[in-house]
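**Student:** First the structure, which I've put down as structure tokens, then a few questions once you've had a look.
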Amino acid sequence: MNLAITGPTSGIGTETVKALHTKFEKIFLLARNEGKCQELIESLSLKGAKEKFEFIHLDLANLSSVHQAAEYLLEKKLPIHVLINNAGGIFPEKLKTKDGLEMTFSVNHLGHFLLTNKILPLLEKAQGARVINVSSEAHKAAKPDFEDLQVTKSYSSFPVYANAKLFNILFTKSLAERYADKHITSYALHPGVVKTNFGNDFSGIFKWLIKLAQPFMISAEKGAETSVFLSLAEGVEKKSGGYFKKSKESKPSQIANSRKYRETLWEKSNEIIGTI
Ligand SMILES: NC(=O)c1ccc[n+]([C@@H]2O[C@H](COP(=O)([O-])OP(=O)(O)OC[C@H]3O[C@@H](n4cnc5c(N)ncnc54)[C@H](OP(=O)(O)O)[C@@H]3O)[C@@H](O)[C@H]2O)c1
């Protein structure tokens with residue numbers, strides 16, 4: 001079996017790779033920092049690690065980088081049995097990507113939307129592939145405005161992040177519906193409140209709040225557990241399209257189940273990609 005994961009260079013992604021590496025023959029580390037990937041591979045001190053792992057450059061804030069990473073994978077022609085769309089972030093100020101898109105939307109949602117759709121033939125080839133999208137309970141605060149996905153009005157980091165994490169769930173449900181006939185299943189998850197580099201770019205009150213919360217946060221190793229469970233658990237296919245917490249199916253917000261919203265998101269995401 002072969003695994004591809006985004007965001008393996010820190011926090012939950014690193015621990016997911018550590019927990020899964022013995023279960024897969026080939027692991028594609030999709031990341032923007034090759035040095036950190038090498039450190040991860042070396043930390044596993046595994047025989048044959050050099051052949052097992054492959055770094056592929058991926059910057060989710062640059063759609064041409066996403067295209068290139070996907071094309072590289074397609075050239076390999078190997079089936080991808082598990083794709084974990086794990087990378088993500090929250091940004092204190094409004095930032096734009098290389099393509100002029102709002103950063104939170106692009107890194108958490110659009111880059112993964114493009115990557116997943118582009119490598120569809122490899123997922124199909126696996127005859128039972130799983131796509132796992134790392135979302136968050138933050139999605140429950142989402143109030144998306146599909147007419148303003150680029151946040152041209154006022155920017156506030158948490159609401160924009162909450163919307164992006166809702167999009168992870170809407171995307172999961174769309175994948176489950178659209179690609180069931182290709183034997184592809186899809187799952188979204190909340191990893192818990194996890195002590196990682198998440199939110200490290202903040203200063204002031206938000207940083208202070210994170211510091212205060214740290215004693216109550218779980219370790220990155222524990223935070224990886226639901227991603228690991230969804231990668232390996234037998235029989236989980238029946239729950240394709242589901243949202244998971246602590247390795248159990250959980251109820252997402254009402255709007256996360258909205259067919260209208262998931263179709264709008266799919267159309268708008270395709271439209272934006274088409275204009276770049
Ligand atoms: N920590 C929590 O409490 C929590 C709660 C709910 C959900 N989540 C979600 O869990 C996922 C993992 O986050 P984490 O907590 O492990 O945070 P983290 O330690 O900050 O890790 C984030 C990962 O995403 C990568 N990344 C960020 N921007 C990228 C870009 N433009 N292109 C490619 N990769 C990029 C980072 O790469 P670099 O190493 O190069 O920076 C890093 O590997 C995220 O989707 C997050 O939203 C976290």
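Letters for chains follow the order of the structure tokens (A, B, ...), residue numbers begin at 1 for each chain, and ligand numbers begin at 1 in the order shown.
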Taking a cut-off of 6 Å and counting only C-alpha atoms and all ligand atoms, can you build a table that, for each residue of chain A near ligand 1, reports the nearest atom pair and how far apart they are in Å (one decimal), sorted by chain then residue number, as a Markdown table?

**Tutor:**
| residue | atom | partner | partner_atom_place_in_ligand_line | distance |
| --- | --- | --- | --- | --- |
| A:Gly7 | CA | ligand 1 | 43 (O) | 3.2 |
| A:Pro8 | CA | ligand 1 | 43 (O) | 4.8 |
| A:Thr9 | CA | ligand 1 | 43 (O) | 4.0 |
| A:Ser10 | CA | ligand 1 | 43 (O) | 4.3 |
| A:Gly11 | CA | ligand 1 | 16 (O) | 3.6 |
| A:Ile12 | CA | ligand 1 | 16 (O) | 3.8 |
| A:Gly13 | CA | ligand 1 | 16 (O) | 5.6 |
| A:Ala31 | CA | ligand 1 | 33 (C) | 5.1 |
| A:Arg32 | CA | ligand 1 | 40 (O) | 5.2 |
| A:Asn33 | CA | ligand 1 | 40 (O) | 5.2 |
| A:Leu58 | CA | ligand 1 | 33 (C) | 5.5 |
| A:Asp59 | CA | ligand 1 | 32 (N) | 3.6 |
| A:Leu60 | CA | ligand 1 | 32 (N) | 3.8 |
| A:Ala61 | CA | ligand 1 | 31 (N) | 4.4 |
| A:Asn86 | CA | ligand 1 | 45 (O) | 4.8 |
| A:Ala87 | CA | ligand 1 | 24 (O) | 3.4 |
| A:Gly88 | CA | ligand 1 | 45 (O) | 3.6 |
| A:Gly89 | CA | ligand 1 | 47 (O) | 5.1 |
| A:Val107 | CA | ligand 1 | 31 (N) | 5.3 |
| A:Val134 | CA | ligand 1 | 45 (O) | 5.1 |
| A:Ser135 | CA | ligand 1 | 7 (C) | 5.4 |
| A:Ser136 | CA | ligand 1 | 6 (C) | 4.1 |
| A:His190 | CA | ligand 1 | 6 (C) | 5.5 |
| A:Pro191 | CA | ligand 1 | 6 (C) | 5.5 |
| A:Gly192 | CA | ligand 1 | 5 (C) | 5.5 |
| A:Val193 | CA | ligand 1 | 3 (O) | 3.5 |
| A:Val194 | CA | ligand 1 | 3 (O) | 3.7 |
| A:Lys195 | CA | ligand 1 | 1 (N) | 5.7 |
| A:Thr196 | CA | ligand 1 | 19 (O) | 4.3 |
| A:Asn197 | CA | ligand 1 | 19 (O) | 3.7 |
| A:Phe198 | CA | ligand 1 | 20 (O) | 3.7 |

**Student:** How about saving the chosen residues, N, CA, C and O atoms kept, as a compact mmCIF listing (two decimals), in the first residue's frame?

**Tutor:**
# COMPACT_ATOMS: atom_id res chain seq x y z
N GLY A 7 1.75 18.19 4.77
CA GLY A 7 2.06 18.69 6.11
C GLY A 7 2.71 17.67 7.02
O GLY A 7 2.40 17.59 8.21
N PRO A 8 3.68 16.86 6.48
CA PRO A 8 4.33 15.86 7.34
C PRO A 8 5.47 16.44 8.18
O PRO A 8 6.10 15.72 8.94
N THR A 9 5.73 17.75 8.02
CA THR A 9 6.95 18.34 8.59
C THR A 9 6.77 18.87 10.01
O THR A 9 7.69 19.44 10.57
N SER A 10 5.58 18.72 10.56
CA SER A 10 5.35 19.29 11.89
C SER A 10 4.14 18.63 12.54
O SER A 10 3.31 18.01 11.86
N GLY A 11 4.05 18.74 13.84
CA GLY A 11 2.85 18.41 14.61
C GLY A 11 2.16 17.10 14.27
O GLY A 11 2.77 16.01 14.27
N ILE A 12 0.89 17.19 13.95
CA ILE A 12 0.05 16.01 13.73
C ILE A 12 0.54 15.20 12.52
O ILE A 12 0.56 13.97 12.55
N GLY A 13 0.97 15.90 11.47
CA GLY A 13 1.43 15.22 10.26
C GLY A 13 2.66 14.36 10.53
O GLY A 13 2.73 13.19 10.11
N ALA A 31 5.52 18.37 0.86
CA ALA A 31 5.87 19.43 1.81
C ALA A 31 6.68 20.52 1.11
O ALA A 31 7.19 20.32 0.02
N ARG A 32 6.80 21.65 1.82
CA ARG A 32 7.58 22.74 1.22
C ARG A 32 9.00 22.77 1.77
O ARG A 32 9.80 23.57 1.33
N ASN A 33 9.28 21.94 2.76
CA ASN A 33 10.60 22.00 3.39
C ASN A 33 11.28 20.62 3.34
O ASN A 33 10.97 19.73 4.13
N LEU A 58 5.73 20.68 -2.36
CA LEU A 58 4.34 21.13 -2.47
C LEU A 58 4.16 22.38 -1.63
O LEU A 58 4.37 22.35 -0.41
N ASP A 59 3.79 23.48 -2.28
CA ASP A 59 3.40 24.68 -1.55
C ASP A 59 1.94 24.91 -1.87
O ASP A 59 1.58 25.26 -3.00
N LEU A 60 1.10 24.71 -0.87
CA LEU A 60 -0.35 24.83 -1.09
C LEU A 60 -0.76 26.28 -1.34
O LEU A 60 -1.91 26.54 -1.73
N ALA A 61 0.16 27.21 -1.12
CA ALA A 61 -0.14 28.62 -1.37
C ALA A 61 0.31 29.02 -2.78
O ALA A 61 0.50 30.21 -3.07
N ASN A 86 -3.54 16.89 5.30
CA ASN A 86 -3.36 17.26 6.71
C ASN A 86 -2.88 18.71 6.90
O ASN A 86 -3.18 19.34 7.90
N ALA A 87 -2.14 19.23 5.93
CA ALA A 87 -1.53 20.57 6.11
C ALA A 87 -2.62 21.61 6.33
O ALA A 87 -3.73 21.49 5.82
N GLY A 88 -2.28 22.64 7.08
CA GLY A 88 -3.25 23.71 7.29
C GLY A 88 -2.68 24.76 8.20
O GLY A 88 -1.57 24.61 8.72
N GLY A 89 -3.44 25.80 8.38
CA GLY A 89 -2.96 26.86 9.26
C GLY A 89 -3.97 27.97 9.42
O GLY A 89 -4.96 28.05 8.68
N VAL A 107 -4.67 27.39 1.44
CA VAL A 107 -3.83 26.36 2.08
C VAL A 107 -4.69 25.24 2.68
O VAL A 107 -4.38 24.06 2.54
N VAL A 134 -8.11 16.59 7.25
CA VAL A 134 -8.00 17.03 8.65
C VAL A 134 -8.73 18.37 8.80
O VAL A 134 -8.26 19.41 8.35
N SER A 135 -9.89 18.29 9.42
CA SER A 135 -10.74 19.46 9.63
C SER A 135 -10.59 19.90 11.08
O SER A 135 -9.51 19.75 11.67
N SER A 136 -11.64 20.42 11.67
CA SER A 136 -11.57 20.90 13.06
C SER A 136 -12.97 21.16 13.59
O SER A 136 -13.89 21.49 12.82
N HIS A 190 -11.65 15.73 13.33
CA HIS A 190 -11.11 16.72 14.27
C HIS A 190 -10.05 15.99 15.10
O HIS A 190 -10.35 14.96 15.71
N PRO A 191 -8.80 16.51 15.12
CA PRO A 191 -7.73 15.77 15.82
C PRO A 191 -7.71 15.97 17.34
O PRO A 191 -6.96 15.29 18.03
N GLY A 192 -8.52 16.92 17.84
CA GLY A 192 -8.43 17.31 19.25
C GLY A 192 -7.77 18.68 19.32
O GLY A 192 -7.48 19.29 18.28
N VAL A 193 -7.58 19.17 20.52
CA VAL A 193 -6.85 20.45 20.67
C VAL A 193 -5.41 20.05 21.00
O VAL A 193 -5.13 19.52 22.07
N VAL A 194 -4.54 20.28 20.03
CA VAL A 194 -3.24 19.60 20.03
C VAL A 194 -2.09 20.60 20.13
O VAL A 194 -2.08 21.64 19.45
N LYS A 195 -1.11 20.23 20.95
CA LYS A 195 0.07 21.09 21.12
C LYS A 195 1.01 20.89 19.92
O LYS A 195 1.68 19.85 19.82
N THR A 196 0.97 21.83 18.99
CA THR A 196 1.80 21.76 17.77
C THR A 196 2.31 23.17 17.47
O THR A 196 2.22 24.05 18.32
N ASN A 197 2.75 23.38 16.23
CA ASN A 197 3.14 24.74 15.84
C ASN A 197 1.94 25.58 15.42
O ASN A 197 2.10 26.74 15.02
N PHE A 198 0.76 24.99 15.47
CA PHE A 198 -0.46 25.67 15.04
C PHE A 198 -0.63 26.98 15.82
O PHE A 198 -0.57 26.99 17.05

**Student:** Can you pull out the residues contacting Glu71 (chain A)? Cut-off 10 Å, using only C-alpha atoms, and skip same-chain residues under 4 positions away; I want them as a list in words.

**Tutor:**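 My reading of the contact set: Ser65, Val66, His67, Glu75, Lys76, Lys77, Leu115, Lys118 and Ile119 of chain A.
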
**Student:** Take the residues that were just selected and, keeping N, CA and C atoms, output them as a short mmCIF file (atom, residue, chain, number, x, y, z; two decimals), in the first residue's frame.

**Tutor:**
data_model
loop_
_atom_site.label_atom_id
_atom_site.label_comp_id
_atom_site.auth_asym_id
_atom_site.auth_seq_id
_atom_site.Cartn_x
_atom_site.Cartn_y
_atom_site.Cartn_z
N SER A 65 2.56 25.01 -8.00
CA SER A 65 3.30 24.00 -7.24
C SER A 65 2.42 22.77 -7.01
N VAL A 66 1.14 22.99 -6.75
CA VAL A 66 0.22 21.85 -6.55
C VAL A 66 0.10 21.05 -7.86
N HIS A 67 -0.03 21.76 -8.98
CA HIS A 67 -0.09 21.09 -10.29
C HIS A 67 1.16 20.25 -10.49
N GLU A 75 3.14 10.81 -12.97
CA GLU A 75 4.20 10.17 -13.78
C GLU A 75 4.68 8.88 -13.13
N LYS A 76 4.64 8.83 -11.80
CA LYS A 76 5.08 7.62 -11.08
C LYS A 76 4.15 6.44 -11.35
N LYS A 77 2.89 6.76 -11.64
CA LYS A 77 1.87 5.74 -11.98
C LYS A 77 1.58 4.75 -10.85
N LEU A 115 -5.19 19.12 -5.63
CA LEU A 115 -4.32 17.94 -5.54
C LEU A 115 -5.14 16.65 -5.65
N LYS A 118 -6.65 16.10 -9.07
CA LYS A 118 -5.65 15.81 -10.11
C LYS A 118 -5.12 14.38 -10.02
N ILE A 119 -4.99 13.86 -8.80
CA ILE A 119 -4.44 12.50 -8.69
C ILE A 119 -5.53 11.43 -8.64
#

**Student:** So how many Å separate CA of Trp266 (chain A) and CA of Gly199 (chain A), to one decimal?

**Tutor:**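 Going from CA of Trp266 (chain A) over to CA of Gly199 (chain A), I get 27.7 Å.
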
**Student:** Which of region 8-69 of chain A counts as strand (DSSP E) under DSSP, as number ranges by chain please?

**Tutor:** A: 26-31, 53-57

**Student:** If you keep C-alpha atoms, can you produce a file of those selected residues as a PDB file, in the first residue's frame?

**Tutor:**
ATOM      1  CA  LYS A  26       5.878   3.790  -0.246  1.00  0.00           C
ATOM      2  CA  ILE A  27       5.260   7.133   1.482  1.00  0.00           C
ATOM      3  CA  PHE A  28       5.141  10.408  -0.430  1.00  0.00           C
ATOM      4  CA  LEU A  29       5.909  13.381   1.809  1.00  0.00           C
ATOM      5  CA  LEU A  30       4.277  16.411   0.188  1.00  0.00           C
ATOM      6  CA  ALA A  31       5.873  19.428   1.805  1.00  0.00           C
ATOM      7  CA  PHE A  53      10.079   7.740   1.462  1.00  0.00           C
ATOM      8  CA  GLU A  54       9.999  10.322  -1.227  1.00  0.00           C
ATOM      9  CA  PHE A  55       9.888  14.077  -0.727  1.00  0.00           C
ATOM     10  CA  ILE A  56       7.768  15.970  -3.238  1.00  0.00           C
ATOM     11  CA  HIS A  57       7.816  19.733  -3.138  1.00  0.00           C
TER      12      HIS A  57
END

**Student:** Can you pull out every residue from region 160-249 of chain A that DSSP, working from the backbone, puts in alpha helix (DSSP H), and format the result as a PyMOL selection string?

**Tutor:** chain A and resi 160-178+204-213+220-223+225-232

**Student:** How close does each residue of region 101-178 of chain A get to region 240-246 of chain A, giving the shortest atom pair and distance in Å to one decimal for every residue with an atom at most 8 Å away, counting only C-alpha atoms, sorted by chain and residue number, as JSON lines?

**Tutor:**
{"residue": "A:Ile169", "atom": "CA", "partner": "A:Tyr243", "partner_atom": "CA", "distance": 7.1}
{"residue": "A:Thr172", "atom": "CA", "partner": "A:Gly241", "partner_atom": "CA", "distance": 5.6}
{"residue": "A:Lys173", "atom": "CA", "partner": "A:Gly241", "partner_atom": "CA", "distance": 4.4}
{"residue": "A:Ser174", "atom": "CA", "partner": "A:Gly241", "partner_atom": "CA", "distance": 7.7}
{"residue": "A:Leu175", "atom": "CA", "partner": "A:Gly241", "partner_atom": "CA", "distance": 7.5}
{"residue": "A:Ala176", "atom": "CA", "partner": "A:Gly241", "partner_atom": "CA", "distance": 5.1}
{"residue": "A:Glu177", "atom": "CA", "partner": "A:Gly241", "partner_atom": "CA", "distance": 7.6}

**Student:** Record the distance separating CA of Pro252 (chain A) and CA of Ala164 (chain A), expressed in Å with one decimal.

**Tutor:**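 According to the coordinates, CA of Pro252 (chain A) and CA of Ala164 (chain A) are separated by 14.1 Å.
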
**Student:** For Lys239 (chain A), find every residue with an atom within 9 Å (counting only C-alpha atoms), except residues of its own chain fewer than 2 positions away, and show them as a PDB file with C-alpha atoms, in the first residue's frame.

**Tutor:**
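File part_17.pdb, as written:
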ATOM      1  CA  THR A 185     -14.047   6.740   0.245  1.00  0.00           C
ATOM      2  CA  SER A 186     -13.477   9.952   2.157  1.00  0.00           C
ATOM      3  CA  TYR A 187     -13.442  11.040   5.806  1.00  0.00           C
ATOM      4  CA  GLY A 235     -14.935  -1.685   7.831  1.00  0.00           C
ATOM      5  CA  VAL A 236     -14.784   2.109   8.045  1.00  0.00           C
ATOM      6  CA  GLU A 237     -15.772   2.338   4.360  1.00  0.00           C
ATOM      7  CA  GLY A 241     -18.413  10.977   4.019  1.00  0.00           C
ATOM      8  CA  GLY A 242     -18.387  10.948   7.823  1.00  0.00           C
ATOM      9  CA  TYR A 243     -16.807  13.315  10.338  1.00  0.00           C
ATOM     10  CA  GLU A 249     -18.056   9.061  13.951  1.00  0.00           C
TER      11      GLU A 249
END

**Student:** Would you list the contacts of Ala19 (chain A) as an mmCIF file with N, CA and C atoms, in the first residue's frame, taking every protein, DNA or RNA residue within 9 Å and counting only C-alpha atoms, but skipping same-chain residues closer than 5 positions in sequence?

**Tutor:**
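To be explicit, this is the file written out as out_15.cif:
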data_model
loop_
_atom_site.group_PDB
_atom_site.id
_atom_site.type_symbol
_atom_site.label_atom_id
_atom_site.label_comp_id
_atom_site.auth_asym_id
_atom_site.auth_seq_id
_atom_site.Cartn_x
_atom_site.Cartn_y
_atom_site.Cartn_z
ATOM 1 N N THR A 14 3.624 14.902 11.269
ATOM 2 C CA THR A 14 4.845 14.149 11.602
ATOM 3 C C THR A 14 4.488 12.890 12.387
ATOM 4 N N GLU A 221 1.219 13.256 19.140
ATOM 5 C CA GLU A 221 1.088 11.805 18.945
ATOM 6 C C GLU A 221 -0.379 11.382 19.133
ATOM 7 N N ALA A 224 -2.680 12.566 16.388
ATOM 8 C CA ALA A 224 -2.594 11.838 15.103
ATOM 9 C C ALA A 224 -3.474 10.592 15.106
ATOM 10 N N GLU A 225 -4.023 10.243 16.256
ATOM 11 C CA GLU A 225 -4.673 8.921 16.375
ATOM 12 C C GLU A 225 -5.855 8.725 15.427
ATOM 13 N N VAL A 228 -4.666 8.100 11.917
ATOM 14 C CA VAL A 228 -4.106 6.744 11.825
ATOM 15 C C VAL A 228 -5.244 5.729 11.770
#

**Student:** Which residue, A:Val160, A:Leu170, A:Leu230, A:Ala126, has the smallest gap to His183 (chain A) when you use only C-alpha atoms?

**Tutor:**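 Of all the options, A:Ala126 lies closest to His183 (chain A).
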